[in-house]
$ cat coords_20.txt   # compact mmCIF, C-alpha atoms
# COMPACT_ATOMS: atom_id res chain seq x y z
CA MET A 1 0.00 0.00 0.00
CA THR A 2 1.43 3.38 -0.91
CA GLU A 3 1.73 6.11 1.70
CA GLU A 4 -0.79 8.07 -0.31
CA LYS A 5 -3.45 5.40 -0.01
CA LYS A 6 -2.62 4.40 3.53
CA HIS A 7 -2.95 7.92 4.88
CA LYS A 8 -6.26 9.59 4.22
CA LYS A 9 -6.35 13.36 4.43
CA VAL A 10 -6.94 14.42 8.04
CA PHE A 11 -5.43 17.84 8.68
CA VAL A 12 -7.15 20.94 7.38
CA GLU A 13 -5.89 24.50 7.73
CA GLY A 14 -8.20 26.51 10.01
CA PRO A 15 -11.71 25.59 11.15
CA ILE A 16 -13.84 22.74 9.81
CA THR A 17 -16.94 24.47 8.45
CA PRO A 18 -20.59 23.33 8.62
CA ILE A 19 -20.58 23.32 4.82
CA PHE A 20 -17.61 20.94 4.75
CA ILE A 21 -19.53 18.68 7.13
CA ALA A 22 -22.70 18.88 5.01
CA ASP A 23 -20.67 17.99 1.90
CA SER A 24 -19.13 14.98 3.66
CA LEU A 25 -22.60 13.79 4.61
CA ALA A 26 -24.09 14.43 1.16
CA LYS A 27 -21.38 12.26 -0.45
CA HIS A 28 -22.83 9.26 1.39
CA ALA A 29 -26.32 9.55 -0.13
CA ALA A 30 -25.13 7.34 -2.99
CA LYS A 31 -24.08 4.56 -0.59
CA HIS A 32 -27.36 2.71 -0.36
CA ASN A 33 -26.27 0.14 2.20
CA ILE A 34 -25.72 2.82 4.86
CA GLY A 35 -28.46 3.06 7.49
CA ALA A 36 -26.79 5.17 10.16
CA HIS A 37 -24.30 8.00 10.49
CA SER A 38 -22.70 9.13 13.72
CA MET A 39 -20.75 12.38 14.02
CA PHE A 40 -18.71 14.12 16.66
CA MET A 41 -17.60 17.73 16.42
CA GLY A 42 -15.22 19.45 18.84
CA GLN A 43 -15.92 23.19 19.13
CA VAL A 44 -13.54 25.76 20.63
CA ARG A 45 -14.94 27.13 23.91
CA ALA A 46 -14.55 30.64 25.32
CA ASP A 47 -13.20 29.31 28.60
CA VAL A 48 -12.42 31.88 31.28
CA LYS A 49 -8.92 31.57 32.74
CA GLU A 50 -7.89 32.13 36.35
CA ASP A 51 -6.99 35.76 35.70
CA GLY A 52 -10.43 36.38 34.16
CA GLN A 53 -9.20 36.40 30.57
CA VAL A 54 -11.34 34.70 27.94
CA VAL A 55 -10.06 32.25 25.32
CA THR A 56 -10.59 33.72 21.83
CA GLY A 57 -9.26 30.75 19.85
CA ILE A 58 -6.92 27.79 19.78
CA GLU A 59 -3.84 27.47 17.60
CA TYR A 60 -3.14 23.83 16.70
CA GLU A 61 0.12 22.20 15.70
CA ALA A 62 0.77 18.54 14.94
CA TYR A 63 3.67 16.18 14.43
CA GLN A 64 2.04 15.29 11.17
CA GLU A 65 4.05 12.25 10.03
CA MET A 66 3.62 10.55 13.40
CA ALA A 67 -0.01 11.66 13.84
CA MET A 68 -0.89 10.16 10.43
CA GLU A 69 0.75 6.89 11.48
CA THR A 70 -1.14 6.90 14.79
CA LEU A 71 -4.43 7.68 13.05
CA HIS A 72 -3.83 4.92 10.55
CA GLN A 73 -3.50 2.45 13.42
CA ILE A 74 -6.59 3.81 15.22
CA ARG A 75 -8.56 3.58 11.98
CA GLU A 76 -7.45 -0.02 11.37
CA ASP A 77 -8.40 -0.97 14.93
CA ALA A 78 -11.85 0.62 14.54
CA PHE A 79 -12.49 -1.20 11.25
CA ALA A 80 -11.48 -4.49 12.93
CA LYS A 81 -13.66 -3.87 15.98
CA TYR A 82 -16.82 -2.43 14.37
CA SER A 83 -18.73 -3.27 11.23
CA LEU A 84 -18.33 0.07 9.48
CA THR A 85 -19.10 1.21 5.96
CA CYS A 86 -17.17 4.50 6.16
CA MET A 87 -14.96 6.42 8.55
CA HIS A 88 -13.63 9.99 8.27
CA ILE A 89 -11.50 12.00 10.66
CA TYR A 90 -10.59 15.67 10.23
CA HIS A 91 -8.56 17.86 12.57
CA SER A 92 -7.69 21.53 12.24
CA LEU A 93 -4.20 22.99 12.14
CA GLY A 94 -3.46 26.66 12.79
CA LEU A 95 -5.96 29.06 14.30
CA VAL A 96 -9.54 28.04 15.11
CA LYS A 97 -11.60 30.78 16.74
CA THR A 98 -14.01 30.34 19.63
CA GLY A 99 -17.28 28.84 18.36
CA ASP A 100 -15.63 27.12 15.40
CA ILE A 101 -15.05 23.40 14.86
CA SER A 102 -11.57 21.85 15.19
CA LEU A 103 -12.31 18.11 15.19
CA PHE A 104 -14.79 16.17 13.06
CA VAL A 105 -15.23 12.40 13.38
CA PHE A 106 -17.75 10.71 11.09
CA THR A 107 -18.70 7.03 10.98
CA SER A 108 -21.33 5.20 8.91
CA SER A 109 -22.71 1.68 9.10
CA VAL A 110 -25.58 -0.56 8.04
CA GLN A 111 -27.01 -0.90 11.57
CA ARG A 112 -26.77 2.01 14.00
CA ARG A 113 -24.82 0.47 16.90
CA ALA A 114 -21.58 0.13 14.91
CA ALA A 115 -21.55 3.78 13.79
CA ILE A 116 -22.43 5.08 17.27
CA GLU A 117 -19.92 2.96 19.16
CA ALA A 118 -17.11 3.43 16.65
CA CYS A 119 -17.51 7.22 16.69
CA ASP A 120 -17.24 7.26 20.48
CA TYR A 121 -14.21 4.91 20.37
CA LEU A 122 -12.45 7.06 17.76
CA VAL A 123 -12.98 10.33 19.64
CA GLU A 124 -11.52 8.92 22.85
CA ARG A 125 -8.49 7.42 21.12
CA ILE A 126 -7.84 10.55 19.04
CA LYS A 127 -7.93 12.75 22.14
CA ARG A 128 -5.48 10.49 23.98
CA GLU A 129 -3.14 9.27 21.28
CA VAL A 130 -2.77 11.67 18.38
CA GLN A 131 0.24 13.99 18.24
CA VAL A 132 -1.58 17.32 18.23
CA TRP A 133 -1.13 20.28 20.57
CA GLY A 134 -3.43 23.21 21.11
CA LYS A 135 -2.41 26.65 22.37
CA GLU A 136 -5.21 28.80 23.73
CA ILE A 137 -5.08 32.43 22.65
CA LEU A 138 -6.37 34.87 25.27
CA GLU A 139 -7.89 38.31 24.77
CA SER A 140 -4.58 40.05 25.58
CA GLY A 141 -2.74 37.95 23.01
CA GLU A 142 -1.11 35.87 25.75
CA THR A 143 -1.15 32.13 25.20
CA VAL A 144 -1.76 29.10 27.43
CA TRP A 145 -0.98 25.54 26.35
CA LYS A 146 -4.20 23.56 26.35
CA ARG A 147 -4.38 20.73 28.83
CA PRO A 148 -5.14 17.19 27.64
CA GLY A 149 -8.83 16.27 28.00
CA MET B 1 -46.13 26.11 29.72
CA THR B 2 -48.01 26.47 26.44
CA GLU B 3 -48.19 23.59 24.03
CA GLU B 4 -46.25 25.72 21.60
CA LYS B 5 -43.29 26.12 23.91
CA LYS B 6 -43.45 22.67 25.36
CA HIS B 7 -43.35 21.00 21.98
CA LYS B 8 -40.40 21.90 19.83
CA LYS B 9 -40.72 21.32 16.12
CA VAL B 10 -39.75 17.74 15.29
CA PHE B 11 -41.57 16.57 12.18
CA VAL B 12 -40.46 17.74 8.78
CA GLU B 13 -42.09 16.87 5.48
CA GLY B 14 -39.76 14.71 3.36
CA PRO B 15 -36.03 14.14 3.88
CA ILE B 16 -33.77 16.03 6.28
CA THR B 17 -31.14 17.59 4.02
CA PRO B 18 -27.39 18.00 4.66
CA ILE B 19 -27.93 21.76 4.36
CA PHE B 20 -30.56 21.70 7.10
CA ILE B 21 -28.05 19.82 9.28
CA ALA B 22 -25.26 22.30 8.45
CA ASP B 23 -27.57 25.21 9.35
CA SER B 24 -28.45 23.58 12.67
CA LEU B 25 -24.77 23.21 13.44
CA ALA B 26 -23.87 26.74 12.31
CA LYS B 27 -26.46 28.21 14.69
CA HIS B 28 -24.39 26.88 17.60
CA ALA B 29 -21.22 28.80 16.69
CA ALA B 30 -22.51 31.71 18.79
CA LYS B 31 -22.83 29.50 21.88
CA HIS B 32 -19.35 29.86 23.27
CA ASN B 33 -19.74 27.47 26.19
CA ILE B 34 -20.25 24.49 23.85
CA GLY B 35 -17.23 22.22 23.46
CA ALA B 36 -18.78 19.16 21.84
CA HIS B 37 -21.52 18.21 19.42
CA SER B 38 -22.80 14.70 18.81
CA MET B 39 -25.08 13.83 15.90
CA PHE B 40 -26.94 10.77 14.70
CA MET B 41 -28.52 10.50 11.28
CA GLY B 42 -30.73 7.63 10.11
CA GLN B 43 -30.47 7.05 6.36
CA VAL B 44 -32.93 5.00 4.27
CA ARG B 45 -31.27 1.80 3.03
CA ALA B 46 -31.87 0.01 -0.27
CA ASP B 47 -32.57 -3.28 1.50
CA VAL B 48 -33.25 -6.30 -0.70
CA LYS B 49 -36.45 -8.14 0.20
CA GLU B 50 -37.01 -11.89 0.11
CA ASP B 51 -38.47 -11.73 -3.41
CA GLY B 52 -35.37 -9.84 -4.61
CA GLN B 53 -37.10 -6.47 -4.77
CA VAL B 54 -35.16 -3.42 -3.61
CA VAL B 55 -36.49 -0.75 -1.26
CA THR B 56 -36.65 2.60 -3.07
CA GLY B 57 -37.85 4.70 -0.13
CA ILE B 58 -39.80 4.77 3.11
CA GLU B 59 -43.09 6.57 3.66
CA TYR B 60 -43.43 7.72 7.27
CA GLU B 61 -46.57 8.45 9.24
CA ALA B 62 -46.88 9.52 12.88
CA TYR B 63 -49.51 9.86 15.56
CA GLN B 64 -48.25 13.38 15.95
CA GLU B 65 -50.03 14.55 19.13
CA MET B 66 -48.91 11.47 21.01
CA ALA B 67 -45.43 11.40 19.46
CA MET B 68 -44.86 15.02 20.54
CA GLU B 69 -45.90 14.13 24.08
CA THR B 70 -43.57 11.11 24.09
CA LEU B 71 -40.69 13.17 22.72
CA HIS B 72 -41.29 15.85 25.31
CA GLN B 73 -40.88 13.24 28.04
CA ILE B 74 -37.76 11.74 26.42
CA ARG B 75 -36.25 15.21 26.10
CA GLU B 76 -36.97 16.05 29.75
CA ASP B 77 -35.42 12.75 30.85
CA ALA B 78 -32.30 13.42 28.78
CA PHE B 79 -31.88 16.94 30.20
CA ALA B 80 -32.23 15.50 33.73
CA LYS B 81 -29.74 12.71 33.07
CA TYR B 82 -27.03 14.54 31.09
CA SER B 83 -25.48 17.98 31.38
CA LEU B 84 -26.54 19.29 27.98
CA THR B 85 -26.42 22.73 26.45
CA CYS B 86 -28.70 21.95 23.49
CA MET B 87 -30.79 19.11 22.12
CA HIS B 88 -32.58 18.85 18.76
CA ILE B 89 -34.59 16.01 17.26
CA TYR B 90 -36.00 15.93 13.74
CA HIS B 91 -37.95 13.13 12.05
CA SER B 92 -39.31 12.97 8.54
CA LEU B 93 -42.93 12.45 7.56
CA GLY B 94 -44.05 11.34 4.11
CA LEU B 95 -41.67 9.91 1.53
CA VAL B 96 -37.92 9.69 2.10
CA LYS B 97 -36.01 8.06 -0.74
CA THR B 98 -33.18 5.58 -0.40
CA GLY B 99 -29.95 7.40 0.53
CA ASP B 100 -31.78 10.30 2.19
CA ILE B 101 -31.95 11.13 5.91
CA SER B 102 -35.14 10.52 7.93
CA LEU B 103 -33.93 10.99 11.53
CA PHE B 104 -31.55 13.62 12.91
CA VAL B 105 -30.60 13.76 16.60
CA PHE B 106 -28.23 16.51 17.71
CA THR B 107 -26.84 17.14 21.21
CA SER B 108 -24.32 19.70 22.46
CA SER B 109 -22.49 20.06 25.75
CA VAL B 110 -19.53 21.70 27.48
CA GLN B 111 -17.60 18.43 27.93
CA ARG B 112 -17.85 15.71 25.31
CA ARG B 113 -19.17 12.74 27.33
CA ALA B 114 -22.58 14.34 27.94
CA ALA B 115 -23.24 15.06 24.25
CA ILE B 116 -22.04 11.61 23.15
CA GLU B 117 -23.99 9.64 25.75
CA ALA B 118 -27.16 11.71 25.46
CA CYS B 119 -27.23 11.32 21.68
CA ASP B 120 -26.97 7.55 22.01
CA TYR B 121 -29.67 7.52 24.72
CA LEU B 122 -32.03 9.64 22.62
CA VAL B 123 -31.66 7.52 19.50
CA GLU B 124 -32.46 4.30 21.37
CA ARG B 125 -35.50 5.77 23.10
CA ILE B 126 -36.82 7.41 19.93
CA LYS B 127 -36.58 4.13 18.03
CA ARG B 128 -38.43 2.23 20.73
CA GLU B 129 -40.98 4.71 22.03
CA VAL B 130 -42.04 7.27 19.46
CA GLN B 131 -45.30 6.79 17.58
CA VAL B 132 -43.95 6.69 14.04
CA TRP B 133 -44.42 4.03 11.38
CA GLY B 134 -42.46 3.49 8.21
CA LYS B 135 -43.70 1.76 5.08
CA GLU B 136 -41.03 0.55 2.69
CA ILE B 137 -41.76 1.23 -0.97
CA LEU B 138 -40.45 -1.44 -3.34
CA GLU B 139 -39.45 -1.12 -7.00
CA SER B 140 -42.78 -2.53 -8.15
CA GLY B 141 -44.70 -0.01 -6.06
CA GLU B 142 -45.65 -2.72 -3.56
CA THR B 143 -45.21 -1.79 0.08
CA VAL B 144 -43.91 -3.58 3.18
CA TRP B 145 -44.39 -2.23 6.70
CA LYS B 146 -40.98 -1.62 8.22
CA ARG B 147 -40.12 -3.75 11.21
CA PRO B 148 -39.09 -2.13 14.47
CA GLY B 149 -35.31 -1.91 14.91
CA MET C 1 -69.14 8.73 20.33
CA MET C 2 -65.40 8.17 20.16
CA ASN C 3 -62.89 8.66 17.41
CA VAL C 4 -60.77 5.56 16.73
CA LEU C 5 -57.42 6.17 15.01
CA LEU C 6 -55.62 3.34 13.24
CA PHE C 7 -51.96 3.39 12.26
CA GLY C 8 -49.55 1.50 10.04
CA ARG C 9 -50.63 -1.95 8.95
CA LEU C 10 -53.80 -1.72 11.03
CA ALA C 11 -55.14 1.19 8.95
CA GLU C 12 -54.25 -0.72 5.81
CA ILE C 13 -56.16 -3.83 6.88
CA CYS C 14 -59.17 -1.90 8.20
CA GLY C 15 -59.39 0.21 5.04
CA SER C 16 -59.29 3.53 6.93
CA ASN C 17 -57.20 5.34 9.52
CA ASN C 18 -60.24 6.70 11.28
CA TYR C 19 -63.53 5.20 12.56
CA THR C 20 -66.25 6.67 14.76
CA PHE C 21 -67.85 4.26 17.23
CA ASP C 22 -70.15 4.47 20.23
CA LEU C 23 -68.81 1.75 22.53
CA LYS C 24 -68.33 1.40 26.28
CA ASP C 25 -64.65 0.42 26.54
CA THR C 26 -61.43 -0.30 24.66
CA ASP C 27 -62.01 -4.07 24.57
CA SER C 28 -65.29 -3.44 22.77
CA VAL C 29 -63.47 -1.34 20.18
CA CYS C 30 -60.95 -4.13 19.58
CA ASP C 31 -63.70 -6.75 19.44
CA LYS C 32 -65.73 -4.73 16.96
CA LEU C 33 -62.75 -4.24 14.64
CA SER C 34 -61.64 -7.88 14.98
CA GLU C 35 -65.11 -8.97 13.96
CA ASP C 36 -65.13 -6.77 10.87
CA PHE C 37 -61.45 -7.37 10.03
CA PRO C 38 -60.42 -10.78 11.46
CA GLU C 39 -56.90 -10.39 10.00
CA ILE C 40 -55.99 -7.89 12.76
CA LYS C 41 -56.24 -10.66 15.39
CA ARG C 42 -52.83 -11.87 14.22
CA LEU C 43 -51.24 -8.48 14.87
CA SER C 44 -49.83 -7.17 18.10
CA PHE C 45 -50.69 -3.57 18.84
CA ALA C 46 -50.81 -1.08 21.69
CA VAL C 47 -53.89 0.91 22.67
CA ALA C 48 -53.94 4.57 23.72
CA VAL C 49 -56.85 6.63 25.04
CA ASN C 50 -56.45 10.38 24.67
CA GLN C 51 -52.76 9.88 23.85
CA LYS C 52 -52.01 7.84 26.95
CA LEU C 53 -51.10 4.16 26.66
CA VAL C 54 -53.56 1.81 28.39
CA VAL C 55 -52.67 -1.80 29.18
CA GLN C 56 -56.01 -3.00 30.58
CA ASN C 57 -59.55 -2.64 29.32
CA THR C 58 -60.45 1.04 29.78
CA GLU C 59 -63.88 2.67 29.96
CA LEU C 60 -64.59 5.18 27.22
CA ASN C 61 -66.48 8.45 27.37
CA ASP C 62 -68.06 10.60 24.72
CA GLY C 63 -65.37 12.47 22.75
CA ASP C 64 -62.49 10.17 23.69
CA GLU C 65 -59.77 9.51 21.15
CA VAL C 66 -58.71 5.87 20.91
CA ALA C 67 -55.59 4.84 19.00
CA LEU C 68 -54.59 1.34 17.91
CA MET C 69 -50.88 1.23 17.22
CA PRO C 70 -48.69 -1.55 15.79
CA PRO C 71 -45.05 -1.64 16.97
CA TYR C 72 -43.32 1.66 16.15
CA SER C 73 -40.84 1.65 13.29
CA GLY C 74 -39.58 5.18 12.93
CA GLY C 75 -36.02 6.37 12.37
CA MET D 1 23.69 13.94 13.11
CA MET D 2 20.07 13.72 14.21
CA ASN D 3 17.20 16.08 13.84
CA VAL D 4 15.43 16.81 17.13
CA LEU D 5 11.84 18.06 16.89
CA LEU D 6 10.20 19.87 19.80
CA PHE D 7 6.48 20.40 20.17
CA GLY D 8 4.06 22.52 22.19
CA ARG D 9 5.41 24.05 25.35
CA LEU D 10 8.79 22.36 24.82
CA ALA D 11 9.42 24.27 21.60
CA GLU D 12 8.39 27.47 23.34
CA ILE D 13 10.81 26.95 26.21
CA CYS D 14 13.68 25.82 24.01
CA GLY D 15 13.19 28.73 21.63
CA SER D 16 12.94 26.53 18.54
CA ASN D 17 10.99 23.54 17.27
CA ASN D 18 14.03 22.02 15.64
CA TYR D 19 17.64 21.30 16.74
CA THR D 20 20.40 19.31 15.10
CA PHE D 21 22.62 17.32 17.45
CA ASP D 22 25.23 14.61 17.18
CA LEU D 23 24.59 12.44 20.26
CA LYS D 24 24.69 8.72 20.99
CA ASP D 25 21.23 8.11 22.49
CA THR D 26 17.89 9.66 23.50
CA ASP D 27 18.95 10.20 27.13
CA SER D 28 21.85 12.32 25.89
CA VAL D 29 19.43 14.42 23.86
CA CYS D 30 17.24 15.00 26.92
CA ASP D 31 20.28 15.75 29.08
CA LYS D 32 21.68 18.23 26.59
CA LEU D 33 18.37 20.11 26.35
CA SER D 34 17.81 20.02 30.12
CA GLU D 35 21.25 21.55 30.61
CA ASP D 36 20.56 24.38 28.18
CA PHE D 37 16.90 24.84 29.23
CA PRO D 38 16.52 23.65 32.85
CA GLU D 39 12.82 24.62 32.83
CA ILE D 40 11.98 21.54 30.76
CA LYS D 41 12.93 19.27 33.67
CA ARG D 42 9.59 20.15 35.23
CA LEU D 43 7.66 18.96 32.18
CA SER D 44 6.55 15.45 31.37
CA PHE D 45 7.02 14.45 27.78
CA ALA D 46 7.21 11.40 25.55
CA VAL D 47 10.08 10.60 23.21
CA ALA D 48 9.80 9.18 19.70
CA VAL D 49 12.56 8.01 17.38
CA ASN D 50 11.63 7.95 13.71
CA GLN D 51 7.96 8.38 14.66
CA LYS D 52 7.91 5.43 17.04
CA LEU D 53 7.48 6.00 20.76
CA VAL D 54 10.41 4.83 22.88
CA VAL D 55 10.12 4.31 26.62
CA GLN D 56 13.72 3.44 27.43
CA ASN D 57 16.98 5.06 26.47
CA THR D 58 17.47 4.34 22.77
CA GLU D 59 20.61 4.43 20.69
CA LEU D 60 20.63 6.94 17.86
CA ASN D 61 22.08 6.70 14.39
CA ASP D 62 22.98 9.28 11.82
CA GLY D 63 19.85 10.71 10.19
CA ASP D 64 17.41 9.67 12.96
CA GLU D 65 14.51 11.92 13.77
CA VAL D 66 13.94 12.40 17.49
CA ALA D 67 10.74 14.04 18.80
CA LEU D 68 10.10 15.33 22.31
CA MET D 69 6.37 15.59 22.88
CA PRO D 70 4.39 17.02 25.81
CA PRO D 71 0.99 15.42 26.52
CA TYR D 72 -1.25 15.68 23.45
CA SER D 73 -4.09 18.19 23.57
CA GLY D 74 -5.85 18.05 20.23
CA GLY D 75 -9.56 18.04 19.55

$ encode --input "coords_20.txt" --output "structure tokens"
Amino acid sequence: MTEEKKHKKVFVEGPITPIFIADSLAKHAAKHNIGAHSMFMGQVRADVKEDGQVVTGIEYEAYQEMAMETLHQIREDAFAKYSLTCMHIYHSLGLVKTGDISLFVFTSSVQRRAAIEACDYLVERIKREVQVWGKEILESGETVWKRPG
Amino acid sequence: MTEEKKHKKVFVEGPITPIFIADSLAKHAAKHNIGAHSMFMGQVRADVKEDGQVVTGIEYEAYQEMAMETLHQIREDAFAKYSLTCMHIYHSLGLVKTGDISLFVFTSSVQRRAAIEACDYLVERIKREVQVWGKEILESGETVWKRPG
Amino acid sequence: MMNVLLFGRLAEICGSNNYTFDLKDTDSVCDKLSEDFPEIKRLSFAVAVNQKLVVQNTELNDGDEVALMPPYSGG
Amino acid sequence: MMNVLLFGRLAEICGSNNYTFDLKDTDSVCDKLSEDFPEIKRLSFAVAVNQKLVVQNTELNDGDEVALMPPYSGG
């Protein structure tokens, strides 16, 4: 398998838009064996920090080569564990402002349990295992490294 | 509480489109305490029946007054059980063709577990408890009442 | 008089989704329909009176809405 | 020579996301950086060699890519 085929596109510059998500969904209308779609979207929160400053966005960086390898393994494990028709994972790089989407996980299956459980499984593994770091940007321009969660 | 306020809009005529879903999502960009969205979409499958005929769509009917009452209770239970920011449920009435969406469940929360678990909970209760019936339309025009699942 | 709503396969078999009867309880409604449409005896269905599920025979009053509902199959 | 990649807070503290060293193993890399930037001693981080996590001290060869990674915080 070539690197190209093995590693599906994951990282997108800036936020993942509702239109991008709608397009991803619409592409599955032609797959007539699909009965269920499950989606997870991570949205950047305007958390208030100890000093009262509000988060205005998160700047993401990744160790892309290693993250793609990790995601490939997570994807393989999910396909082995759940009876899925399709699986898509997108993560932002660079600045994502408060209220915008930075993570989009999308699973599809014939029966609903597989899509629902696989989506949950993927989100938890991505959060724990993928080489991505977020830096919260505060109102003043100061930055705080996001804590794992 | 008036009936109007108590009963959020649920039933939509025909399929639930990707654009409708994108719009629902986009409306939440202004809610800056949301950190996670979970979505479930039910899509009409081209199942093959015993006689080899393929399903071309499902025609949905509901006992709307009772279904709204049931959904109101399910919604209240979900809000009591999970720490949710938002919850939306949409179900089609009338004809939904193969490949199109007939059920859309959408939950949002500060931390991801609440949105993920509530979405799962809602889907299972809706499938079991809401007064909706689907009639599969076959290629020949013959119909088969959909089995619960 | 009470309005009897029929859904899904039941409406199909009974030829209408809506009958008006003057009967004393829910069992009488089921008996009347089973007599006219014996095929429905083979079906399992739930009964609601004024949008509330009832599991036992329930007395009916003028203006009540009775619903006979096969297993739900939405989504 | 080996390319050392630094991520997140580590890159910030060390003033660069990329150093080139000629050292015999991963412990030496960590020691060298801790000497120059003592603040990183307080941080927990994982080490990867050629995109594979290593948990013990690992010998390095010419051309290896070493990554020092604080806890991930994507999503």

$ closest_atom_pairs --input "coords_20.txt" --of "chain D" --to "chain A" --cutoff "9 Å" --atoms "only C-alpha atoms" --output "CSV"
residue,atom,partner,partner_atom,distance
D:Leu5,CA,A:Tyr63,CA,8.7
D:Phe7,CA,A:Trp133,CA,7.6
D:Gly8,CA,A:Trp133,CA,5.9
D:Arg9,CA,A:Trp145,CA,6.6
D:Ala48,CA,A:Met66,CA,8.9
D:Asn50,CA,A:Met66,CA,8.4
D:Gln51,CA,A:Met66,CA,5.0
D:Lys52,CA,A:Met66,CA,7.6
D:Ala67,CA,A:Tyr63,CA,8.6
D:Met69,CA,A:Gln131,CA,7.9
D:Pro70,CA,A:Trp133,CA,8.3
D:Pro71,CA,A:Pro148,CA,6.5
D:Tyr72,CA,A:Trp133,CA,5.4
D:Ser73,CA,A:Pro148,CA,4.3
D:Gly74,CA,A:Val132,CA,4.8
D:Gly75,CA,A:Leu103,CA,5.2

$ closest_residue --input "coords_20.txt" --among "B:Lys9, B:His72, B:Arg112, B:His88" --to "chain A" --atoms "all atoms listed in the file"
B:Arg112

$ closest_residue --input "coords_20.txt" --among "A:Lys97, A:Lys81, A:His7, A:Lys49" --to "chain B" --atoms "all atoms listed in the file"
A:Lys97

$ interface_residues --input "coords_20.txt" --of "chain A" --to "chain B" --cutoff "8 Å" --atoms "only C-alpha atoms" --output "count of residues only"
34

$ atom_distance --input "coords_20.txt" --atom1 "CA of Val66 in chain D" --atom2 "CA of Pro15 in chain A"
29.5 Å

$ closest_residue --input "coords_20.txt" --among "B:Gly141, B:Gly52, B:Phe11, B:Ile89" --to "Arg125 in chain B" --atoms "all atoms listed in the file"
B:Ile89
